[in-house]
Amino acid sequence: MRRVRTLAGAIALAISCIVASAPAGDLAAENRLLEEEIKLSKSGKPYIVIDLAAGGVLLKVKGVLLRTFPIESWRLWGGATDLRPLLLAGRKATREPERPELHPEVAAAPGTPPKAEPEPSPSPVDPTKPREPELEALELRDMPIEYYLDLEDGTRIMVKNAPVGWKEKLGHVWYQVKWWVGSPWQTIRQGMGKRHYRAVSMILGPEDAQALYWAFPEETPCVIYSP
Amino acid sequence: MAVLALGLTGLVFLVVLVAVGTVMSRRGSAVPADAREPDVPADRAAIEARNRALRKKLTGFAPKTPYIVIDTARNRLFYRKGEQVLRAAVVSTGSGVVLKEPNGKRSWTFDTPRGEYAVRSKATNPMWIKPDWAFIEDGEPLPSDYGDRVEEGTLGDYALGIGNGYFLHGTLYTRLLGRNVTHGCVRIGDEDLEYLFRNAPLGTKVYIF
């Protein structure tokens, strides 16, 4: 009986230790993140925090939250990061957005009447109405929905939307295969070069995925904060 | 039979690959166990105190007065104080178009610049001094007379300069608000522009992303 009590007491003590220490560990990690954010804020440049614990990608500057891109679901391969800010080294998409180019004609001779200005309209844009005709512009809708973000240490972030319809679901199967086979393969391949492979897969809403691509240019510092 | 054997071999290879990769990813983590808790005392109270201090320090970087946030992807402008949105507006930002000078070496990219800026000048009934690209884009010869570059009314009733020749200003083309159509400036509707002009003093921070 005495042994049982001692054992129960030991288990209770162990559980209480685990419960008490877990939040402190989280807080310590949060402190580490705050330290890095303070360093980044000194530059005045925007930075990205991929907060997997809270389920959002945060675009911030000087600690001010400019925009949140909600993460619908995520996976992390290769363990938690050390919260060190890493620069975005490159972005890869099947269909990279291209800037439209204008090649105007050679200037007309002096005295030629100027071209007519477009007709101004007094009505402001209504988001519920159909879009305006095509413009020569690089817009949000031109951004890819599925793409890779490669950080300077080799960490790969895979972004895509949740599959809708059978074609996308079929594509999602391929995406899963790439994750479950590609990640171990990369781990082995990079492990041979004494490098640690880490990857994050994030499912975002289609417009959020496009907006993240827009708001996350190369050379932007990024911190991955995982639970 | 040979196909079956080949398939089984492939399956075994895949299973081994995944298993080895998974084990390596766990064993070979570059993050030491204590890397996420550097220089932090084990004492919980101390960790909490440090958390409060760090949060306060980070908050100290944020503007104490209202500031402007411009989202160039959605073409939205927010006049904010802390997290509170005082005014939201639909705007037009840079088209991202590249203009190439015919028979020339110059080119221009019409992006709205991103980053941290501040309102550095304010003007009523501003005049637009048309730069070279405005003439080249329209296929017109560059004027020899400076006066031919001056255009009234194009920029609306007010303009707030943020430096490097970029302005938050009005527009004649209000139907294009919400689209990426500008040469880099931020076009704002009349009422929102007047609000900003009256409420955002010189020095107001402008964050563009």
# chains A, B, ... in the order shown; residues from 1 in each chain; ligands from 1

call {"tool": "residues_around", "arguments": {"residues": "region 209-219 of chain A", "least_positions_apart": "5", "cutoff": "8 Å", "atoms": "only C-alpha atoms", "output": "ChimeraX atom specification"}}
result
/A:48,59,69,87-91,140-141,143-146,159-161,204 /B:73,209

call {"tool": "interface_residues", "arguments": {"of": "chain B", "to": "chain A", "cutoff": "6 Å", "atoms": "only C-alpha atoms", "output": "count of residues only"}}
result
31

call {"tool": "select_by_dssp", "arguments": {"residues": "region 88-197 of chain B", "states": "alpha helix (DSSP H)", "output": "ChimeraX atom specification"}}
result
/B:132-137,190-197

call {"tool": "write_last_selection", "arguments": {"atoms": "N, CA and C atoms", "output": "CSV table (one decimal), in the first residue's frame"}}
result
chain,number,residue,atom,x,y,z
B,132,ASP,N,10.1,62.9,-67.4
B,132,ASP,CA,10.3,62.4,-68.7
B,132,ASP,C,9.4,61.2,-69.1
B,133,TRP,N,9.3,60.2,-68.2
B,133,TRP,CA,8.5,59.0,-68.5
B,133,TRP,C,7.1,59.3,-68.9
B,134,ALA,N,6.5,60.4,-68.4
B,134,ALA,CA,5.1,60.8,-68.7
B,134,ALA,C,5.0,61.1,-70.2
B,135,PHE,N,6.0,61.7,-70.7
B,135,PHE,CA,6.0,62.1,-72.1
B,135,PHE,C,6.3,60.9,-73.0
B,136,ILE,N,7.3,60.1,-72.5
B,136,ILE,CA,7.7,58.9,-73.3
B,136,ILE,C,6.5,57.9,-73.4
B,137,GLU,N,5.9,57.8,-72.3
B,137,GLU,CA,4.7,56.8,-72.2
B,137,GLU,C,3.6,57.2,-73.2
B,190,ASP,N,-11.4,61.7,-53.2
B,190,ASP,CA,-11.4,63.1,-52.7
B,190,ASP,C,-11.7,63.2,-51.1
B,191,GLU,N,-12.7,62.5,-50.7
B,191,GLU,CA,-13.1,62.6,-49.2
B,191,GLU,C,-12.0,62.0,-48.3
B,192,ASP,N,-11.5,60.9,-48.7
B,192,ASP,CA,-10.5,60.2,-47.9
B,192,ASP,C,-9.2,61.1,-47.9
B,193,LEU,N,-8.9,61.7,-49.1
B,193,LEU,CA,-7.7,62.5,-49.2
B,193,LEU,C,-7.8,63.7,-48.3
B,194,GLU,N,-9.0,64.3,-48.3
B,194,GLU,CA,-9.2,65.5,-47.5
B,194,GLU,C,-9.1,65.1,-46.0
B,195,TYR,N,-9.6,64.0,-45.6
B,195,TYR,CA,-9.5,63.5,-44.2
B,195,TYR,C,-8.0,63.4,-43.8
B,196,LEU,N,-7.3,62.7,-44.7
B,196,LEU,CA,-5.8,62.5,-44.4
B,196,LEU,C,-5.1,63.8,-44.3
B,197,PHE,N,-5.4,64.7,-45.3
B,197,PHE,CA,-4.7,66.0,-45.3
B,197,PHE,C,-5.0,66.7,-44.0

call {"tool": "select_by_dssp", "arguments": {"residues": "region 19-219 of chain A", "states": "strand (DSSP E or B)", "output": "PyMOL selection string"}}
result
chain A and resi 47-51+56-61+64-77+86-93+101-102+147-151+156-161+199-204

call {"tool": "atom_distance", "arguments": {"atom1": "CA of Ile157 (chain A)", "atom2": "CA of Ala53 (chain A)"}}
result
15.8 Å

call {"tool": "residues_around", "arguments": {"residues": "Pro126 (chain B)", "least_positions_apart": "3", "cutoff": "9 Å", "atoms": "only C-alpha atoms", "output": "ChimeraX atom specification"}}
result
/B:123,152-159,169

call {"tool": "write_last_selection", "arguments": {"atoms": "C-alpha atoms", "output": "PDB file, in the first residue's frame"}}
result
ATOM      1  CA  ALA B 123       0.348  70.892 -50.431  1.00  0.00           C
ATOM      2  CA  GLU B 152      -2.714  71.467 -62.922  1.00  0.00           C
ATOM      3  CA  GLY B 153      -5.600  69.451 -61.524  1.00  0.00           C
ATOM      4  CA  THR B 154      -4.176  65.988 -62.194  1.00  0.00           C
ATOM      5  CA  LEU B 155      -3.148  65.406 -58.573  1.00  0.00           C
ATOM      6  CA  GLY B 156      -6.474  66.488 -57.047  1.00  0.00           C
ATOM      7  CA  ASP B 157      -6.929  68.986 -54.230  1.00  0.00           C
ATOM      8  CA  TYR B 158      -4.146  67.825 -51.928  1.00  0.00           C
ATOM      9  CA  ALA B 159      -0.831  66.011 -51.995  1.00  0.00           C
ATOM     10  CA  HIS B 169      -2.636  62.527 -53.915  1.00  0.00           C
TER      11      HIS B 169
END

call {"tool": "atom_distance", "arguments": {"atom1": "CA of Thr204 (chain B)", "atom2": "CA of Asn164 (chain B)"}}
result
16.2 Å

call {"tool": "atom_distance", "arguments": {"atom1": "CA of Phe13 (chain B)", "atom2": "CA of Val200 (chain A)"}}
result
24.4 Å

call {"tool": "residues_around", "arguments": {"residues": "Tyr146 (chain B)", "least_positions_apart": "5", "cutoff": "12 Å", "atoms": "only C-alpha atoms", "output": "ChimeraX atom specification"}}
result
/B:128-132,151

call {"tool": "residues_around", "arguments": {"residues": "region 74-85 of chain B", "least_positions_apart": "5", "cutoff": "8 Å", "atoms": "only C-alpha atoms", "output": "list of chain:residue names"}}
result
A:Val64, A:Leu140, B:Ala62, B:Pro63, B:Lys64, B:Thr65, B:Pro66, B:Tyr67, B:Ile68, B:Val69, B:Val90, B:Val91, B:Ser92, B:Thr93, B:Leu177, B:Gly178, B:Arg179, B:Asn180, B:Leu196
